[in-house]
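Enquirer: One structure is given below, represented as structure tokens, and several questions about it will come after.
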Amino acid sequence: MVVPDFGTALENVTSPPVGQISTFTLSYLGDAWYELWCRRMVLSLMQKPEFVHEGVTHLVCCQAQARVIKAIEPLLNQEEQDVFRRGKNRKALTCPKNASIKDYRAATGFECLVGYWYLTENTKRFTHLMQRETVQNLIQQKLFPETEAV
């Protein structure tokens with residue numbers, strides 16, 4: 001089996017305008033990139049494998065993603081809002097057992113937005129928004145629920 005060298009294979013590929021990229025592609029890439037970001041962030045805070053896995057799982061679930069997009073949505077520019085809206089309005093083929101359709105759609109919109117930032121090589125925008133105090137508080141609550149205020 002021949003494994004292609006994607007590093008060089010993708011250098012000469014031109015992407016179509018983001019508006020022409022399917023919401024499936026945006027959300028699929030956004031989901032992967034967001035999970036990788038969560039894994040790196042959680043590994044910087046924890047080292048026990050069972051805690052790392054559990055922490056990442058708490059951050060990538062659609063309920064957590066829905067809370068993150070709710071926190072950053074007021075800060076999105078018009079193009080970002082359009083990408084989010086396209087993803088959110090995408091017809092849901094399935095819905096996780098433990099999630100509402102509203103959270104699932106918001107999470108899909110968030111994943112589209114992350115995919116958009118990734119494809120437009122604007123991951124600094126993602127990082128900037130994820131560093132906001134409101135988002136950091138959400139992450140802390142998901143990773144360390146026992147430290148929440150009583």
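Every chain in the structure tokens has a letter given in the order shown (A, B, ...), and although residue numbers restart at 1 in each chain, ligands are simply numbered from 1 in the order shown.
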So which residues of chain A fall under helix (DSSP H, G or I) by DSSP, listed as JSON, numbers by chain?

Expert: {"A": [6, 7, 8, 9, 18, 19, 20, 23, 24, 25, 26, 27, 28, 29, 30, 31, 32, 33, 34, 35, 36, 37, 38, 39, 40, 41, 42, 43, 44, 45, 49, 50, 51, 52, 53, 54, 55, 56, 57, 58, 59, 60, 62, 63, 64, 65, 66, 67, 68, 69, 70, 71, 72, 73, 74, 75, 78, 79, 80, 81, 82, 83, 84, 85, 86, 87, 88, 101, 102, 103, 104, 105, 106, 107, 108, 109, 110, 111, 112, 113, 114, 115, 116, 117, 118, 119, 123, 124, 125, 126, 127, 128, 129, 130, 133, 134, 135, 136, 137, 138, 139, 140, 141, 142, 143, 145, 146, 147]}

Enquirer: Quick one: write out the picked residues with C-alpha atoms as a compact mmCIF listing (two decimals), in the first residue's frame?

Expert:
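Output file part-v3.txt is given in full below:
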```txt
# COMPACT_ATOMS: atom_id res chain seq x y z
CA PHE A 6 0.06 14.82 2.31
CA GLY A 7 2.48 17.52 3.37
CA THR A 8 3.65 18.07 -0.19
CA ALA A 9 0.50 16.82 -1.90
CA VAL A 18 -15.34 28.95 1.88
CA GLY A 19 -18.95 29.53 0.80
CA GLN A 20 -18.54 26.68 -1.68
CA THR A 23 -20.86 22.18 5.83
CA PHE A 24 -19.96 18.50 6.16
CA THR A 25 -16.35 19.25 5.19
CA LEU A 26 -16.15 22.30 7.46
CA SER A 27 -17.63 20.48 10.46
CA TYR A 28 -15.58 17.32 9.86
CA LEU A 29 -12.30 19.23 9.76
CA GLY A 30 -13.40 21.55 12.56
CA ASP A 31 -14.28 18.60 14.78
CA ALA A 32 -10.85 17.04 14.21
CA TRP A 33 -8.95 20.27 14.74
CA TYR A 34 -10.94 21.20 17.86
CA GLU A 35 -10.38 17.77 19.39
CA LEU A 36 -6.65 18.00 18.71
CA TRP A 37 -6.61 21.45 20.33
CA CYS A 38 -8.49 20.05 23.37
CA ARG A 39 -6.10 17.11 23.64
CA ARG A 40 -3.07 19.38 23.64
CA MET A 41 -4.63 21.75 26.16
CA VAL A 42 -5.73 18.94 28.50
CA LEU A 43 -2.30 17.27 28.27
CA SER A 44 -0.74 20.55 29.41
CA LEU A 45 -2.89 20.36 32.58
CA PRO A 49 -4.42 8.87 31.02
CA GLU A 50 -7.86 8.31 32.55
CA PHE A 51 -8.15 12.00 33.49
CA VAL A 52 -6.86 13.15 30.11
CA HIS A 53 -9.38 11.05 28.22
CA GLU A 54 -12.25 12.07 30.48
CA GLY A 55 -11.28 15.74 30.29
CA VAL A 56 -11.16 15.76 26.50
CA THR A 57 -14.47 13.90 26.33
CA HIS A 58 -16.09 16.58 28.51
CA LEU A 59 -14.78 19.35 26.25
CA VAL A 60 -15.67 17.88 22.86
CA CYS A 62 -21.87 18.85 21.88
CA GLN A 63 -23.21 20.41 25.08
CA ALA A 64 -19.78 21.90 25.85
CA GLN A 65 -19.34 23.10 22.27
CA ALA A 66 -22.79 24.71 22.39
CA ARG A 67 -21.79 26.60 25.55
CA VAL A 68 -18.53 27.77 23.96
CA ILE A 69 -20.24 29.11 20.83
CA LYS A 70 -22.83 30.86 22.98
CA ALA A 71 -19.99 32.63 24.80
CA ILE A 72 -18.16 33.73 21.65
CA GLU A 73 -21.06 34.30 19.25
CA PRO A 74 -21.45 38.02 20.13
CA LEU A 75 -17.78 38.51 19.15
CA GLN A 78 -20.32 38.90 9.79
CA GLU A 79 -18.49 36.23 7.77
CA GLU A 80 -17.96 34.09 10.88
CA GLN A 81 -21.64 34.47 11.80
CA ASP A 82 -22.59 33.32 8.29
CA VAL A 83 -20.38 30.23 8.54
CA PHE A 84 -21.79 29.42 11.98
CA ARG A 85 -25.36 29.90 10.77
CA ARG A 86 -24.76 27.67 7.71
CA GLY A 87 -23.47 24.90 9.97
CA LYS A 88 -26.16 25.34 12.59
CA ILE A 101 -31.20 19.02 18.87
CA LYS A 102 -30.55 22.70 19.74
CA ASP A 103 -27.18 21.87 21.33
CA TYR A 104 -26.33 19.47 18.51
CA ARG A 105 -26.98 22.11 15.86
CA ALA A 106 -25.04 24.77 17.77
CA ALA A 107 -22.12 22.35 18.11
CA THR A 108 -22.23 21.58 14.38
CA GLY A 109 -22.16 25.31 13.66
CA PHE A 110 -19.20 25.69 16.03
CA GLU A 111 -17.35 22.85 14.30
CA CYS A 112 -18.01 24.51 10.91
CA LEU A 113 -16.57 27.72 12.28
CA VAL A 114 -13.45 25.96 13.58
CA GLY A 115 -13.09 24.24 10.20
CA TYR A 116 -13.43 27.62 8.51
CA TRP A 117 -10.66 29.11 10.66
CA TYR A 118 -8.49 26.08 9.95
CA LEU A 119 -9.01 26.19 6.17
CA THR A 123 -6.35 29.66 13.78
CA LYS A 124 -5.04 32.67 15.71
CA ARG A 125 -8.61 33.98 15.71
CA PHE A 126 -9.77 30.69 17.23
CA THR A 127 -7.01 30.83 19.85
CA HIS A 128 -7.83 34.45 20.69
CA LEU A 129 -11.51 33.63 21.29
CA MET A 130 -10.70 30.47 23.25
CA GLU A 133 -12.18 34.61 30.31
CA THR A 134 -15.73 33.35 29.75
CA VAL A 135 -14.48 30.44 27.61
CA GLN A 136 -11.66 29.64 30.03
CA ASN A 137 -14.20 29.52 32.87
CA LEU A 138 -16.34 27.07 30.87
CA ILE A 139 -13.30 24.90 30.24
CA GLN A 140 -12.37 24.96 33.92
CA GLN A 141 -15.92 23.97 34.90
CA LYS A 142 -15.86 21.05 32.46
CA LEU A 143 -12.42 19.83 33.51
CA PRO A 145 -16.40 20.35 38.17
CA GLU A 146 -15.62 19.79 41.85
CA THR A 147 -14.08 23.28 42.08
```

Enquirer: Suppose you want the space between CA of Pro17 in chain A and CA of Glu121 in chain A; what is it in Å?

Expert: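 We find that CA of Pro17 in chain A and CA of Glu121 in chain A lie 13.1 Å from each other.
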
Enquirer: Suppose you want the space between CA of Cys61 in chain A and CA of Thr120 in chain A; what is it in Å?

Expert: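 So the two atoms, CA of Cys61 in chain A and CA of Thr120 in chain A, lie 24.5 Å apart.
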
Enquirer: So how many Å separate CA of Asn89 in chain A and CA of Asn122 in chain A, to one decimal?

Expert: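 Separating CA of Asn89 in chain A from CA of Asn122 in chain A is a distance of 23.1 Å.
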